Amino acid sequence: MGRTRQADRSSLRRVAIAGFVGTTIEYYDFFIYGTAAALVFSDVFFPALGDVAGSVASFATSAVAFVARPLGAIVFGHYGDRWGRKRTLVATLLVMGLSTVTIGLLPPAAAIGVAAPVALVALRFLQGLALGGEWAGANLLTAEYAPRGRRGFYAVFPQLGGAIGFALSSATFLATDLVIGNSDEAFRSYGWRVPFIASAVLVLLGLWARGTIDETPVFRASRQALSTRSPFAGVVREQWREVLLCGGLTGVVFALFYIGATYLTTYGTATLGIDRQVVLSLGIVAAAVVALFVFLGGRLSDRYGRRNIIIVTGGLAFVWSIGVFPLLSTGSPLAFGLGLACAFALNGLAFGPVGAFLPELFATRHRYTGAGVGFNLGGIIGGAVPPLLAPVLADSFGAMAVGAMVALLAAISVVCTWTLTETSSRHSLHDG
């Protein structure tokens with residue numbers, strides 16, 4: 001009995017580490033694109049459009065990934081629900097890694113013309129497909145291994161990957177900027193490519209980490225009972241309501257992060273005139289705040305319930321959205337850092353419980369697909385649309401319009417979460 005418990009703890013540790021390492025690498029790959037889109041892509045790939053139109057086009061290519069993410073959840077979810085979580089996660093990591101390195105090698109528009117932005121969009125689409133299949137699989141690994149009363153805690157580890165991936169992204173860009181001497185010309189010419197090409201090393205690390213784990217006990221026990229029908233058809237037929245509510249729930253979670261990680265990066269450098277290195281450094285600090293609050297949110301959700309933590313966070317996000325841009329308008333780097341840290345803290349507090357909450361809502365036979373589609377639907381609502389609309393809203397109505405947009409998403413999240421059932425007391429994720 002003692003050896004069994006020790007083996008179970010060892011398996012849990014390996015799964016937690018594999019989930020953390022894998023999602024960190026995938027989010028790193030995903031976020032370096034967002035950072036590059038905010039800093040240089042308008043000049044490198046859309047030089048003929050001008051500042052505002054170039055920024056919109058640059059963010060639009062970033063938004064393509066969010067459109068691809070639900071499709072990735074369907075495609076990889078199908079294989080994750082039929083073949084297993086582990087093998088599918090290896091595939092998502094390979095697709096993400098190859099796409100990212102290729103972006104780093106892509107010639108600029110000045111060299112190959114319109115082929116450059118077309119190829120950029122295609123590669124960003126592949127990144128979205130990969131991340132769409134990554135999140136649900138990584139969280140299912142930990143949630144299906146974790147014991148009752150501890151799923152919120154163990155589901156935190158894949159969730160931390162977003163924060164650490166963003167910190168690595170900002171740190172890599174900052175280090176590159178320092179090495180080339182803060183030269184705008186060198187950064188636009190080749191400096192931005194270094195983080196993309198360097199991801200090849202990280203992908204190899206991720207593949208090794210995922211090779212050390214076994215398939216989840218819940219999936220192995222349920223495999224014989226799985227329906228021969230498509231998991232996507234099953235989740236649409238049986239749990240379409242949960243999918244839509246999960247999309248509404250997670251919309252503000254995405255918006256808080258991506259407004260901070262992409263739009264505010266541009267806002268801080270271009271509008272407020274804060275030095276690029278200062279903005280990147282603040283991004284690293286803010287990512288540490290995300291990690292802290294993801295951990296806190298997951299732990300609290302085991303004790304007080306997933307719904308309660310997410311609802312409270314949605315209310316706080318509503319207040320933050322109304323007050324953040326008056327704070328930023330002071331132009332102070334300290335005020336900018338505080339506004340960014342608050343956005344990321346609220347994102348983390350809600351994101352922590354989401355890792356356990358969404359898998360708990362869906363049946364085993366289509367859990368990978370259902371949780372993935374619901375989560376990535378929120379990615380379109382909160383991750384794709386707000387950063388794309390933000391420059392246009394700010395240019396037409398002022399920055400407060402951006403805050404009002406996020407406040408609306410916060411209100412929708414509260415309503416959707418209130419409608420769902422609390423799941424933290426669910427005894428097991430195995431349902432036959």
# chains A, B, ... in the order shown; residues from 1 in each chain; ligands from 1
$ residues_around --residues "A:Arg299" --least-positions-apart "3" --cutoff "10 Å" --atoms "only C-alpha atoms" --output "PyMOL selection string"
chain A and resi 149-156+293-296+302-306+349+352-353
$ residues_around --residues "A:Arg193" --least-positions-apart "2" --cutoff "8 Å" --atoms "only C-alpha atoms" --output "list in words"
Ile103, Gly104, Leu105, Tyr190, Gly191, Pro195, Phe196 and Ile197 of chain A
$ residues_around --residues "A:Ala317" --least-positions-apart "6" --cutoff "7 Å" --atoms "only C-alpha atoms" --output "PyMOL selection string"
chain A and resi 346+407+410
$ write_last_selection --atoms "all heavy atoms" --output "mmCIF file, in the first residue's frame"
data_model
loop_
_atom_site.group_PDB
_atom_site.id
_atom_site.type_symbol
_atom_site.label_atom_id
_atom_site.label_comp_id
_atom_site.auth_asym_id
_atom_site.auth_seq_id
_atom_site.Cartn_x
_atom_site.Cartn_y
_atom_site.Cartn_z
ATOM 1 N N LEU A 346 -5.577 39.801 -11.724
ATOM 2 C CA LEU A 346 -6.975 39.369 -11.905
ATOM 3 C C LEU A 346 -7.065 38.210 -12.885
ATOM 4 O O LEU A 346 -7.841 37.272 -12.686
ATOM 5 C CB LEU A 346 -7.820 40.553 -12.383
ATOM 6 C CG LEU A 346 -7.999 41.682 -11.364
ATOM 7 C CD1 LEU A 346 -8.656 42.897 -12.015
ATOM 8 C CD2 LEU A 346 -8.838 41.201 -10.182
ATOM 9 N N ALA A 407 -14.862 45.793 -19.411
ATOM 10 C CA ALA A 407 -15.886 45.756 -18.366
ATOM 11 C C ALA A 407 -17.104 44.945 -18.808
ATOM 12 O O ALA A 407 -17.688 44.197 -18.014
ATOM 13 C CB ALA A 407 -16.306 47.181 -17.992
ATOM 14 N N ALA A 410 -16.309 41.365 -18.492
ATOM 15 C CA ALA A 410 -16.317 40.966 -17.091
ATOM 16 C C ALA A 410 -17.742 40.670 -16.620
ATOM 17 O O ALA A 410 -17.988 39.689 -15.906
ATOM 18 C CB ALA A 410 -15.685 42.053 -16.230
#
$ residues_around --residues "A:Gln277" --least-positions-apart "6" --cutoff "12 Å" --atoms "only C-alpha atoms" --output "list in words"
Leu39, Ser170, Ala171, Thr172, Phe173, Leu174, Ala175, Thr176, Asp177, Leu178, Val179, Gly181, Asn182, Ser183, Asp184, Thr265, Gly268, Thr269, Gly283, Ile284 and Pro333 of chain A
$ atom_distance --atom1 "atom CA of A:Ala122" --atom2 "atom CA of A:Ala65"
9.3 Å
$ closest_residue --among "A:Ala335, A:Ala163, A:Leu131, A:Ala401" --to "A:Leu272" --atoms "only C-alpha atoms"
A:Ala335
$ residues_around --residues "stretch 366-375 of chain A" --least-positions-apart "6" --cutoff "7 Å" --atoms "only C-alpha atoms" --output "list in words"
Pro70, Ala73, Ile74, Gly77, His78, Gly80, Asp81, Gly132, Gly133, Trp135, Ala136, Gly137, Pro231, Phe232, Gly234, Val235, Val243, Leu244, Cys246, Gly247, Thr250, Leu358 and Pro359 of chain A
$ write_last_selection --atoms "N, CA, C and O atoms" --output "PDB file, in the first residue's frame"
ATOM      1  N   PRO A  70     -10.245  27.202 -31.506  1.00  0.00           N
ATOM      2  CA  PRO A  70     -11.352  26.244 -31.370  1.00  0.00           C
ATOM      3  C   PRO A  70     -11.267  25.092 -32.372  1.00  0.00           C
ATOM      4  O   PRO A  70     -11.613  23.955 -32.048  1.00  0.00           O
ATOM      5  N   ALA A  73      -8.873  22.754 -31.001  1.00  0.00           N
ATOM      6  CA  ALA A  73      -9.491  21.995 -29.908  1.00  0.00           C
ATOM      7  C   ALA A  73     -10.338  20.850 -30.454  1.00  0.00           C
ATOM      8  O   ALA A  73     -10.382  19.766 -29.868  1.00  0.00           O
ATOM      9  N   ILE A  74     -11.021  21.083 -31.582  1.00  0.00           N
ATOM     10  CA  ILE A  74     -11.844  20.035 -32.193  1.00  0.00           C
ATOM     11  C   ILE A  74     -10.965  18.935 -32.787  1.00  0.00           C
ATOM     12  O   ILE A  74     -11.178  17.738 -32.553  1.00  0.00           O
ATOM     13  N   GLY A  77      -8.698  17.534 -30.026  1.00  0.00           N
ATOM     14  CA  GLY A  77      -9.617  16.945 -29.041  1.00  0.00           C
ATOM     15  C   GLY A  77     -10.149  15.602 -29.502  1.00  0.00           C
ATOM     16  O   GLY A  77     -10.325  14.676 -28.701  1.00  0.00           O
ATOM     17  N   HIS A  78     -10.420  15.492 -30.809  1.00  0.00           N
ATOM     18  CA  HIS A  78     -10.887  14.209 -31.357  1.00  0.00           C
ATOM     19  C   HIS A  78      -9.869  13.107 -31.066  1.00  0.00           C
ATOM     20  O   HIS A  78     -10.220  12.031 -30.567  1.00  0.00           O
ATOM     21  N   GLY A  80      -7.362  13.292 -28.903  1.00  0.00           N
ATOM     22  CA  GLY A  80      -7.136  13.186 -27.471  1.00  0.00           C
ATOM     23  C   GLY A  80      -8.183  12.344 -26.780  1.00  0.00           C
ATOM     24  O   GLY A  80      -7.892  11.599 -25.831  1.00  0.00           O
ATOM     25  N   ASP A  81      -9.433  12.430 -27.253  1.00  0.00           N
ATOM     26  CA  ASP A  81     -10.511  11.620 -26.690  1.00  0.00           C
ATOM     27  C   ASP A  81     -10.517  10.198 -27.232  1.00  0.00           C
ATOM     28  O   ASP A  81     -11.093   9.300 -26.623  1.00  0.00           O
ATOM     29  N   GLY A 132      -4.639  25.454 -29.383  1.00  0.00           N
ATOM     30  CA  GLY A 132      -6.019  25.045 -29.170  1.00  0.00           C
ATOM     31  C   GLY A 132      -6.130  23.622 -28.666  1.00  0.00           C
ATOM     32  O   GLY A 132      -7.027  23.282 -27.888  1.00  0.00           O
ATOM     33  N   GLY A 133      -5.208  22.765 -29.100  1.00  0.00           N
ATOM     34  CA  GLY A 133      -5.207  21.387 -28.619  1.00  0.00           C
ATOM     35  C   GLY A 133      -4.392  21.191 -27.363  1.00  0.00           C
ATOM     36  O   GLY A 133      -4.557  20.184 -26.660  1.00  0.00           O
ATOM     37  N   TRP A 135      -4.087  23.240 -24.420  1.00  0.00           N
ATOM     38  CA  TRP A 135      -4.581  23.603 -23.094  1.00  0.00           C
ATOM     39  C   TRP A 135      -5.409  22.497 -22.457  1.00  0.00           C
ATOM     40  O   TRP A 135      -5.166  22.095 -21.321  1.00  0.00           O
ATOM     41  N   ALA A 136      -6.399  21.989 -23.192  1.00  0.00           N
ATOM     42  CA  ALA A 136      -7.284  20.972 -22.616  1.00  0.00           C
ATOM     43  C   ALA A 136      -6.511  19.714 -22.265  1.00  0.00           C
ATOM     44  O   ALA A 136      -6.701  19.138 -21.184  1.00  0.00           O
ATOM     45  N   GLY A 137      -5.612  19.279 -23.147  1.00  0.00           N
ATOM     46  CA  GLY A 137      -4.866  18.052 -22.890  1.00  0.00           C
ATOM     47  C   GLY A 137      -3.977  18.160 -21.671  1.00  0.00           C
ATOM     48  O   GLY A 137      -3.924  17.246 -20.832  1.00  0.00           O
ATOM     49  N   PRO A 231     -16.272  12.704 -30.882  1.00  0.00           N
ATOM     50  CA  PRO A 231     -16.368  13.436 -29.613  1.00  0.00           C
ATOM     51  C   PRO A 231     -16.988  14.822 -29.789  1.00  0.00           C
ATOM     52  O   PRO A 231     -17.747  15.283 -28.931  1.00  0.00           O
ATOM     53  N   PHE A 232     -16.691  15.506 -30.907  1.00  0.00           N
ATOM     54  CA  PHE A 232     -17.272  16.821 -31.131  1.00  0.00           C
ATOM     55  C   PHE A 232     -18.781  16.743 -31.300  1.00  0.00           C
ATOM     56  O   PHE A 232     -19.527  17.549 -30.727  1.00  0.00           O
ATOM     57  N   GLY A 234     -20.665  14.473 -30.080  1.00  0.00           N
ATOM     58  CA  GLY A 234     -21.209  14.127 -28.778  1.00  0.00           C
ATOM     59  C   GLY A 234     -21.325  15.320 -27.855  1.00  0.00           C
ATOM     60  O   GLY A 234     -22.340  15.507 -27.177  1.00  0.00           O
ATOM     61  N   VAL A 235     -20.304  16.165 -27.825  1.00  0.00           N
ATOM     62  CA  VAL A 235     -20.348  17.302 -26.909  1.00  0.00           C
ATOM     63  C   VAL A 235     -21.350  18.349 -27.388  1.00  0.00           C
ATOM     64  O   VAL A 235     -22.015  19.008 -26.574  1.00  0.00           O
ATOM     65  N   VAL A 243     -20.465  24.297 -23.187  1.00  0.00           N
ATOM     66  CA  VAL A 243     -19.445  24.843 -24.093  1.00  0.00           C
ATOM     67  C   VAL A 243     -19.615  26.356 -24.253  1.00  0.00           C
ATOM     68  O   VAL A 243     -18.650  27.126 -24.129  1.00  0.00           O
ATOM     69  N   LEU A 244     -20.848  26.800 -24.507  1.00  0.00           N
ATOM     70  CA  LEU A 244     -21.103  28.230 -24.708  1.00  0.00           C
ATOM     71  C   LEU A 244     -20.860  29.030 -23.434  1.00  0.00           C
ATOM     72  O   LEU A 244     -20.267  30.123 -23.476  1.00  0.00           O
ATOM     73  N   CYS A 246     -18.850  28.237 -20.993  1.00  0.00           N
ATOM     74  CA  CYS A 246     -17.405  28.279 -20.748  1.00  0.00           C
ATOM     75  C   CYS A 246     -16.744  29.356 -21.608  1.00  0.00           C
ATOM     76  O   CYS A 246     -15.807  30.037 -21.163  1.00  0.00           O
ATOM     77  N   GLY A 247     -17.230  29.514 -22.832  1.00  0.00           N
ATOM     78  CA  GLY A 247     -16.703  30.576 -23.681  1.00  0.00           C
ATOM     79  C   GLY A 247     -16.957  31.949 -23.099  1.00  0.00           C
ATOM     80  O   GLY A 247     -16.069  32.810 -23.072  1.00  0.00           O
ATOM     81  N   THR A 250     -14.707  32.501 -19.855  1.00  0.00           N
ATOM     82  CA  THR A 250     -13.263  32.727 -20.029  1.00  0.00           C
ATOM     83  C   THR A 250     -12.938  33.951 -20.876  1.00  0.00           C
ATOM     84  O   THR A 250     -11.770  34.329 -20.981  1.00  0.00           O
ATOM     85  N   LEU A 358     -13.203  23.597 -15.877  1.00  0.00           N
ATOM     86  CA  LEU A 358     -13.695  23.173 -17.188  1.00  0.00           C
ATOM     87  C   LEU A 358     -13.624  21.666 -17.389  1.00  0.00           C
ATOM     88  O   LEU A 358     -14.615  21.064 -17.842  1.00  0.00           O
ATOM     89  N   PRO A 359     -12.511  20.980 -17.075  1.00  0.00           N
ATOM     90  CA  PRO A 359     -12.518  19.523 -17.210  1.00  0.00           C
ATOM     91  C   PRO A 359     -13.572  18.841 -16.343  1.00  0.00           C
ATOM     92  O   PRO A 359     -14.162  17.831 -16.753  1.00  0.00           O
TER      93      PRO A 359
END
$ atom_distance --atom1 "atom CA of A:Ile259" --atom2 "atom CA of A:Ser199"
24.0 Å
$ closest_residue --among "A:Phe257, A:Tyr79, A:Tyr33, A:Tyr267" --to "A:Trp192" --atoms "only C-alpha atoms"
A:Tyr33
$ atom_distance --atom1 "atom CA of A:Arg124" --atom2 "atom CA of A:Val64"
6.7 Å
$ select_by_dssp --residues "stretch 140-315 of chain A" --states "helix (DSSP H, G or I)" --output "number ranges by chain"
A: 140-145, 151-154, 156-179, 184-191, 193-210, 217-225, 231-271, 276-304, 306-315
$ closest_residue --among "A:Val415, A:Ala200, A:Val75, A:Leu338" --to "A:Met96" --atoms "only C-alpha atoms"
A:Ala200
